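S.K.: The structure's right below; bear with me while I get my questions together.
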Amino acid sequence: MSRVGKAPITLPSGVDVNFTPGMVKVKGPKGELSQEIAADFEVVVADGVMTVNRPSDSKQNKSLHGLYRSLLNNMVKGVSEGHTVTQELVGVGYKVSNQGNLVEFVVGYSHKILLQVPSEITVTTLTEKGKNPSITMVCTDKQLLGQVAAKIRSFRKPEPYKGKGIKFSGEVLRKKAGKSASKK
């Protein structure tokens, strides 16, 4: 049995789960999310604990068991606490600013990059003297948040020599050694 799939999900107070075959809806204080699942999977809610049961031990069902449990756990966490992603812009002259959900990036190109972030995501930008500019995004939907964060990172991926680019906060980059300067 899947180690991830058989782990129970504890439901915080204020979170309601509605299961119909093929669809799970989770509602909480921060919003409502829904997820399609295979019709033969079963979601059981009892005593503030949610478990996902698979119909058989076929290879397909085994692979989906842990996936569905992880997706449902992310939904429960999202509607109760929310998900947060922070990214830093490392480089001379790199800037980020926002007006509502329209974010403007200056990352070393001849033009500014404008990105309209979906309305489900709350965006804040921070520019402090002596620190790298950063962008913080908060959302209930972890999949949407990760997709937007990956799109932002794709504007200027961190390069391995100086570490310039857009990186996730706390991310450790493996740097390469440059050309060797000394000859023997």
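The chains in the structure tokens are called A, B, ... from first to last as shown; in each chain the residues are counted from 1, and the ligands are counted from 1 in the order shown.
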For A:Leu72, find every residue with an atom within 10 Å (counting only C-alpha atoms), except residues of its own chain fewer than 3 positions away, and show them as a PyMOL selection string.

M.R.: chain A and resi 9+17+24-26+33-35+37+43+50-52+66-69+75-78

S.K.: For the selection you just gave me, I'd like the residues written to a file as a compact mmCIF listing (two decimals), in the first residue's frame, keeping all heavy atoms.

M.R.:
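Below is the file result.txt, written as the result:
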# COMPACT_ATOMS: atom_id res chain seq x y z
N ILE A 9 -5.50 12.57 6.49
CA ILE A 9 -5.42 14.03 6.43
C ILE A 9 -6.30 14.57 7.55
O ILE A 9 -7.50 14.33 7.57
CB ILE A 9 -5.91 14.56 5.08
CG1 ILE A 9 -5.10 13.97 3.93
CG2 ILE A 9 -5.86 16.09 5.04
CD1 ILE A 9 -5.69 14.21 2.56
N VAL A 17 -15.55 19.12 3.71
CA VAL A 17 -15.24 18.33 2.52
C VAL A 17 -16.53 17.72 2.00
O VAL A 17 -17.28 17.10 2.74
CB VAL A 17 -14.21 17.21 2.84
CG1 VAL A 17 -13.94 16.36 1.62
CG2 VAL A 17 -12.92 17.81 3.36
N VAL A 24 -14.19 16.08 -5.64
CA VAL A 24 -14.04 16.43 -4.23
C VAL A 24 -14.01 17.95 -4.14
O VAL A 24 -13.25 18.61 -4.87
CB VAL A 24 -12.74 15.84 -3.63
CG1 VAL A 24 -12.57 16.26 -2.19
CG2 VAL A 24 -12.73 14.34 -3.75
N LYS A 25 -14.83 18.51 -3.25
CA LYS A 25 -14.85 19.96 -3.02
C LYS A 25 -14.47 20.21 -1.58
O LYS A 25 -15.01 19.59 -0.67
CB LYS A 25 -16.24 20.54 -3.31
CG LYS A 25 -16.60 20.49 -4.77
CD LYS A 25 -17.92 21.16 -5.03
CE LYS A 25 -18.23 21.06 -6.53
NZ LYS A 25 -19.51 21.68 -6.86
N VAL A 26 -13.53 21.13 -1.39
CA VAL A 26 -13.07 21.50 -0.05
C VAL A 26 -13.36 22.97 0.14
O VAL A 26 -12.98 23.81 -0.69
CB VAL A 26 -11.55 21.21 0.12
CG1 VAL A 26 -11.08 21.59 1.49
CG2 VAL A 26 -11.25 19.75 -0.16
N LEU A 33 -12.07 25.09 -3.12
CA LEU A 33 -11.34 24.44 -4.20
C LEU A 33 -12.02 23.13 -4.55
O LEU A 33 -12.66 22.50 -3.69
CB LEU A 33 -9.89 24.16 -3.80
CG LEU A 33 -8.99 25.36 -3.55
CD1 LEU A 33 -7.66 24.90 -2.97
CD2 LEU A 33 -8.75 26.13 -4.83
N SER A 34 -11.88 22.70 -5.80
CA SER A 34 -12.43 21.41 -6.21
C SER A 34 -11.40 20.67 -7.04
O SER A 34 -10.55 21.28 -7.69
CB SER A 34 -13.73 21.60 -7.00
OG SER A 34 -13.48 22.33 -8.17
N GLN A 35 -11.49 19.34 -7.00
CA GLN A 35 -10.54 18.49 -7.70
C GLN A 35 -11.26 17.27 -8.25
O GLN A 35 -11.98 16.60 -7.53
CB GLN A 35 -9.42 18.03 -6.75
CG GLN A 35 -8.42 17.07 -7.35
CD GLN A 35 -7.57 17.70 -8.42
OE1 GLN A 35 -7.08 18.80 -8.26
NE2 GLN A 35 -7.41 17.00 -9.53
N ILE A 37 -11.30 13.49 -9.40
CA ILE A 37 -10.55 12.27 -9.14
C ILE A 37 -11.23 11.14 -9.90
O ILE A 37 -12.37 11.29 -10.35
CB ILE A 37 -10.42 11.95 -7.64
CG1 ILE A 37 -11.79 11.65 -7.02
CG2 ILE A 37 -9.73 13.06 -6.89
CD1 ILE A 37 -11.70 11.14 -5.60
N VAL A 43 -13.36 8.80 -1.01
CA VAL A 43 -12.85 9.69 0.03
C VAL A 43 -13.77 9.56 1.23
O VAL A 43 -14.97 9.78 1.12
CB VAL A 43 -12.78 11.15 -0.46
CG1 VAL A 43 -12.34 12.07 0.66
CG2 VAL A 43 -11.84 11.26 -1.64
N MET A 50 -9.69 12.77 7.09
CA MET A 50 -10.05 12.36 5.75
C MET A 50 -9.04 11.32 5.26
O MET A 50 -7.83 11.50 5.43
CB MET A 50 -10.06 13.57 4.80
CG MET A 50 -10.38 13.25 3.37
SD MET A 50 -10.69 14.66 2.30
CE MET A 50 -9.24 15.68 2.50
N THR A 51 -9.55 10.24 4.66
CA THR A 51 -8.68 9.22 4.08
C THR A 51 -9.12 8.95 2.65
O THR A 51 -10.29 9.10 2.31
CB THR A 51 -8.74 7.90 4.88
OG1 THR A 51 -10.10 7.47 4.97
CG2 THR A 51 -8.16 8.06 6.27
N VAL A 52 -8.16 8.55 1.83
CA VAL A 52 -8.42 8.21 0.43
C VAL A 52 -8.24 6.71 0.28
O VAL A 52 -7.21 6.16 0.66
CB VAL A 52 -7.45 8.96 -0.51
CG1 VAL A 52 -7.73 8.61 -1.96
CG2 VAL A 52 -7.55 10.46 -0.30
N GLY A 66 -1.43 7.90 -4.05
CA GLY A 66 -0.62 8.93 -3.38
C GLY A 66 -0.82 10.30 -3.98
O GLY A 66 -0.80 11.31 -3.28
N LEU A 67 -1.02 10.35 -5.31
CA LEU A 67 -1.24 11.63 -5.98
C LEU A 67 -2.50 12.31 -5.47
O LEU A 67 -2.48 13.48 -5.09
CB LEU A 67 -1.35 11.42 -7.49
CG LEU A 67 -1.81 12.65 -8.29
CD1 LEU A 67 -0.72 13.70 -8.32
CD2 LEU A 67 -2.22 12.26 -9.69
N TYR A 68 -3.59 11.57 -5.42
CA TYR A 68 -4.86 12.16 -4.97
C TYR A 68 -4.77 12.59 -3.51
O TYR A 68 -5.29 13.64 -3.13
CB TYR A 68 -6.01 11.17 -5.16
CG TYR A 68 -6.41 10.99 -6.60
CD1 TYR A 68 -6.92 9.78 -7.05
CD2 TYR A 68 -6.28 12.01 -7.53
CE1 TYR A 68 -7.30 9.59 -8.37
CE2 TYR A 68 -6.64 11.84 -8.85
CZ TYR A 68 -7.16 10.63 -9.26
OH TYR A 68 -7.51 10.46 -10.57
N ARG A 69 -4.11 11.80 -2.68
CA ARG A 69 -3.96 12.17 -1.28
C ARG A 69 -3.17 13.47 -1.15
O ARG A 69 -3.52 14.35 -0.38
CB ARG A 69 -3.28 11.03 -0.52
CG ARG A 69 -3.31 11.21 0.99
CD ARG A 69 -2.03 11.81 1.47
NE ARG A 69 -2.05 12.07 2.90
CZ ARG A 69 -1.28 12.98 3.45
NH1 ARG A 69 -0.48 13.72 2.74
NH2 ARG A 69 -1.32 13.18 4.75
N MET A 75 -5.08 20.97 -0.94
CA MET A 75 -6.32 21.73 -0.96
C MET A 75 -6.75 22.11 0.46
O MET A 75 -7.14 23.25 0.72
CB MET A 75 -7.43 20.93 -1.64
CG MET A 75 -7.25 20.79 -3.14
SD MET A 75 -8.35 19.58 -3.89
CE MET A 75 -9.95 20.19 -3.46
N VAL A 76 -6.66 21.16 1.39
CA VAL A 76 -7.05 21.42 2.78
C VAL A 76 -6.15 22.49 3.38
O VAL A 76 -6.62 23.43 4.04
CB VAL A 76 -7.00 20.11 3.61
CG1 VAL A 76 -7.11 20.40 5.09
CG2 VAL A 76 -8.10 19.17 3.17
N LYS A 77 -4.85 22.37 3.13
CA LYS A 77 -3.91 23.38 3.65
C LYS A 77 -4.17 24.75 3.01
O LYS A 77 -4.10 25.78 3.68
CB LYS A 77 -2.47 22.95 3.40
CG LYS A 77 -1.45 23.90 4.00
CD LYS A 77 -0.04 23.43 3.82
CE LYS A 77 0.90 24.38 4.51
NZ LYS A 77 1.76 25.12 3.63
N GLY A 78 -4.51 24.76 1.73
CA GLY A 78 -4.74 26.01 1.03
C GLY A 78 -5.96 26.77 1.53
O GLY A 78 -5.90 27.97 1.72

S.K.: Which residues are near stretch 149-164 of chain A? Cut-off 8 Å, only C-alpha atoms, ignore same chain within fewer than 2 positions. Put them as a PyMOL selection string.

M.R.: chain A and resi 85+87+89-91+107+145-147+166-167+173-178

S.K.: Rank A:Glu128, A:Asp16, A:Val96, A:Thr86 by their smallest atom-to-atom distance to A:Glu171, using only C-alpha atoms, and report the top residue only.

M.R.: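 For A:Glu171, the nearest of the given residues is A:Thr86.
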
S.K.: Looking at A:Thr84, A:Ser63, A:Gln116, A:Gln143, which one is nearest to A:Ser169, with distances taken over only C-alpha atoms?

M.R.: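 Of A:Thr84, A:Ser63, A:Gln116, A:Gln143, the one nearest A:Ser169 is A:Thr84, counting only C-alpha atoms.
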
S.K.: Skipping near chain neighbours, those fewer than 6 positions away, what residues fall within 12 Å of A:Lys62 using only C-alpha atoms, listed as a PDB file with N, CA and C atoms, in the first residue's frame?

M.R.:
ATOM      1  N   MET A   1       0.843  -1.185   0.000  1.00  0.00           N
ATOM      2  CA  MET A   1       0.000   0.000   0.000  1.00  0.00           C
ATOM      3  C   MET A   1       0.881   1.239   0.000  1.00  0.00           C
ATOM      4  N   SER A   2       0.426   2.270  -0.636  1.00  0.00           N
ATOM      5  CA  SER A   2       1.179   3.511  -0.756  1.00  0.00           C
ATOM      6  C   SER A   2       1.373   4.172   0.605  1.00  0.00           C
ATOM      7  N   ARG A   3       2.593   4.517   0.924  1.00  0.00           N
ATOM      8  CA  ARG A   3       2.847   5.185   2.201  1.00  0.00           C
ATOM      9  C   ARG A   3       2.191   6.552   2.238  1.00  0.00           C
ATOM     10  N   VAL A   4       2.269   7.273   1.136  1.00  0.00           N
ATOM     11  CA  VAL A   4       1.657   8.597   1.077  1.00  0.00           C
ATOM     12  C   VAL A   4       0.144   8.466   1.023  1.00  0.00           C
ATOM     13  N   GLY A   5      -0.350   7.543   0.221  1.00  0.00           N
ATOM     14  CA  GLY A   5      -1.787   7.410   0.019  1.00  0.00           C
ATOM     15  C   GLY A   5      -2.550   6.982   1.253  1.00  0.00           C
ATOM     16  N   LYS A   6      -1.937   6.146   2.100  1.00  0.00           N
ATOM     17  CA  LYS A   6      -2.673   5.666   3.271  1.00  0.00           C
ATOM     18  C   LYS A   6      -2.594   6.620   4.455  1.00  0.00           C
ATOM     19  N   PHE A  41     -12.342   5.814  -6.974  1.00  0.00           N
ATOM     20  CA  PHE A  41     -11.685   6.132  -5.711  1.00  0.00           C
ATOM     21  C   PHE A  41     -12.728   6.634  -4.728  1.00  0.00           C
ATOM     22  N   VAL A  52      -8.160   8.546   1.826  1.00  0.00           N
ATOM     23  CA  VAL A  52      -8.423   8.211   0.427  1.00  0.00           C
ATOM     24  C   VAL A  52      -8.242   6.707   0.277  1.00  0.00           C
ATOM     25  N   ASN A  53      -9.267   6.033  -0.266  1.00  0.00           N
ATOM     26  CA  ASN A  53      -9.216   4.583  -0.462  1.00  0.00           C
ATOM     27  C   ASN A  53      -9.220   4.269  -1.950  1.00  0.00           C
ATOM     28  N   ARG A  54      -8.331   3.360  -2.362  1.00  0.00           N
ATOM     29  CA  ARG A  54      -8.292   2.971  -3.768  1.00  0.00           C
ATOM     30  C   ARG A  54      -9.102   1.696  -3.969  1.00  0.00           C
ATOM     31  N   PRO A  55      -9.659   1.515  -5.168  1.00  0.00           N
ATOM     32  CA  PRO A  55     -10.534   0.372  -5.410  1.00  0.00           C
ATOM     33  C   PRO A  55      -9.802  -0.965  -5.547  1.00  0.00           C
ATOM     34  N   SER A  56      -8.595  -0.958  -6.101  1.00  0.00           N
ATOM     35  CA  SER A  56      -7.866  -2.215  -6.298  1.00  0.00           C
ATOM     36  C   SER A  56      -6.372  -1.945  -6.226  1.00  0.00           C
ATOM     37  N   TYR A  68      -3.593  11.570  -5.421  1.00  0.00           N
ATOM     38  CA  TYR A  68      -4.855  12.155  -4.968  1.00  0.00           C
ATOM     39  C   TYR A  68      -4.772  12.589  -3.509  1.00  0.00           C
ATOM     40  N   ARG A  69      -4.111  11.795  -2.683  1.00  0.00           N
ATOM     41  CA  ARG A  69      -3.965  12.167  -1.279  1.00  0.00           C
ATOM     42  C   ARG A  69      -3.170  13.467  -1.151  1.00  0.00           C
TER      43      ARG A  69
END
